[in-house]
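Participant: The structure that follows is given in the form of structure tokens.
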Amino acid sequence: MTIKTHARTPKKPKADAPKPPPRDVVLAGLPPLPQGARSGRWGDWGADDFVRGFFSRRSALVICAIVASGILCGEAYAQLSPRGQERPGIIETMLNWAPLILFGRPGEIGGFALNILVSFMVMAIGTVTGVLLGIAQVTKSALVRIPAWAITQFFRNSPWLVLLFFTILLMPFQIRAFGYTIPFPDWIKATIGLALPIMANISEVTRGAIQSIPTGQWESAESLAFSRAQTFRLIILPQCVKRMTPPWMNWYAILTMATSLVSIVGVSDAMTLTKLAVDADGRSELLIPMYGMLLMFFFIYCYPIARLTQVLERRYAVVT
Amino acid sequence: MAWSDDQPIVSVKNIYKSFGDVQVLRGVSFDVMKGQVICIIGPSGSGKSTILRCINALIAIDEGSILVEGQEVHDPRLDKLALRKKVGMVFQQYNLFPHLTALENIMLAPVHVLKQPKDQVEARAHQLLAKVRLAGKENSYPGELSGGQQQRVAIARSLAMSPDVMLFDEVTAALDPETVKEVLVTIRELAEEGMTCLLVTHEMGFAREVADHIYFTDRGVIIEHGPPKDFFANARDERTKAFLSQIL
């Protein structure tokens, strides 16, 4: 028996060799940041970063691979199934149904577009209420702080589906006020249901960001005679925005995937319509390709966001 | 408030402060006249920084009295913001606002706290940056400046509030020896212009050169004080001698 020994010769780094950019930045197709660009207010990332993240090499590769393997599996499955009467092929059937699953029935908003719309609205509501709740969690007054903490913990530790059922069952289908009748369709109720846990999680993100600002910032603001409210608005919150962006985007990606939950309470989102399409065709070999297509829609939308989040996290990892 | 120039601008009388079980200040008293430069020296943990923080009410004292221009600081009805407009403070860690440029750092407080017109404040901010020898760095962010440059921006930021008294809390302790000098030159110029300054410092040479009066503190009390010449030549107390022999 011979024992292999891995005698390593330590590599001496060349003194003046330029440091390669982090692997992640290379993979995402982003150019490394120029020296000193990091400290700018908004200068170090913007809309173009998002676009580049979206069309980065790795994410394009993964998406193509999944699309191709999905279609191949579908066709293979169809080949194996019994052939009787003439039927349209798997790909043809998928393409026939795709517009419905993406955009819903003509004349109303539904399908994947509704998932996106719900995700936008939930995020808007959740962010505004969550940031306020997060600020309330760090106020001096215990009368504000303790209820804010309790609300945050309650909704952060409740199952999303149960919260959805609660809002669907608790809220009226319409509200009469000042002679007007405001309808409350199910998808609005579902939006509010999903906004509750998002609010609680954004509240925690906000609290964490505020508490991560060094106390020296408060001290120097105090010594310059800023009031507490001014310190918050002018000094603390602007610094929090950068720190909060990666986790905020992370929650958006999680939320978008969770919007498929609304199908359970009868909203005609992409999930509901996929089930309808499969049922209408009545062909069991369609099950896997059709739900595979649905998975792909979500993946194509969410994966680039997750990638970009990682890149931003790395970029903001060391903040003064 | 009958306060006039011939009375002390800062008058500290017998102050006590504890953090939990630790008594940090045990009866400290001293007076500062307008235009004087006072240096407080002493070993770490002797309560030097705490004295400064008490003067602009960042920390509340337990007992005693601090008068700033005749105004009692140890008073629950004190208007802290009004007090802090008169007393500027510079910290060891600079504490600049990292999301704002040097110019914006200086302008923020005069615009939002003193509600001065923006164009006037901007003109003055440019003057102050030139005064601390940082003209041309207006649009640099703190992260792009060296420690010494950041500290001078912090001094300019404090001066923009036109304070009557400046407190310097070990402002050169985080700097390397070469940049210490550029900050000390700035402070000396301020002192020569007649600004009332209270410095906590470990720079003995600087204290000897600039201070009108030196206080040596240890374990929360003032052990010894006097004009720099006397103080350094004829230290009487054993602890002072021990400290000076280590430092010099």
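Chain labels run A, B, ... following the order of the structure tokens; each chain numbers its residues from 1, and ligands are numbered from 1 in the order shown.
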Could you please select, counting only C-alpha atoms, the residues of chain B within 6 Å of chain A and state them as a PDB file with C-alpha atoms, in the first residue's frame?
Facilitator:
ATOM      1  CA  LEU B  81     -30.730  71.181  21.261  1.00  0.00           C
ATOM      2  CA  ARG B  84     -25.654  71.733  21.527  1.00  0.00           C
ATOM      3  CA  LYS B  85     -25.913  74.600  19.057  1.00  0.00           C
ATOM      4  CA  ASN B  95     -18.395  59.908  12.563  1.00  0.00           C
ATOM      5  CA  HIS B  99     -23.857  58.792   2.430  1.00  0.00           C
ATOM      6  CA  GLY B 143     -14.900  56.735   2.200  1.00  0.00           C
TER       7      GLY B 143
END
Participant: Extract, using only C-alpha atoms, all DNA, RNA and protein residues at most 10 Å from Leu72 of chain A, discarding same-chain residues fewer than 6 positions from it, and format them as a PyMOL selection string.
Facilitator: chain A and resi 66+78+90-91+289
Participant: With C-alpha atoms kept, could you save the residues just selected as a JSON list (two decimals), in the first residue's frame?
Facilitator:
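Below is the file that was written, part-v4.json:
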[["chain", "number", "residue", "atom", "x", "y", "z"],
["A", 66, "ILE", "CA", -34.27, 23.84, -18.03],
["A", 78, "ALA", "CA", -45.67, 11.50, -25.35],
["A", 90, "ILE", "CA", -46.98, 18.03, -26.57],
["A", 91, "ILE", "CA", -45.13, 21.15, -27.65],
["A", 289, "PRO", "CA", -45.00, 19.18, -19.21]]
Participant: Have a look at B:Arg26, B:Lys86, B:Lys48, B:Lys118 and name the one nearest to Ile9 of chain B; count only C-alpha atoms.
Facilitator: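 Smallest distance to Ile9 of chain B is found for B:Lys86.
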Participant: Skip segment 125-138 of chain A itself and residues of its chain fewer than 6 positions away, then list as a list in words all residues within 7 Å of it, counting only C-alpha atoms.
Facilitator: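 After dropping sequence-adjacent residues, the list is Val144, Arg145, Ala148, Trp149, Ala195, Leu196, Ile198, Met199, Ala200, Ile202, Ser203, Glu204, Thr206 and Arg207 of chain A.
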Participant: Could you give me, as JSON, numbers by chain, each residue of segment 17-61 of chain B that DSSP assigns to helix (DSSP H, G or I) when run on this structure's backbone?
Facilitator: {"B": [48, 49, 50, 51, 52, 53, 54, 55]}
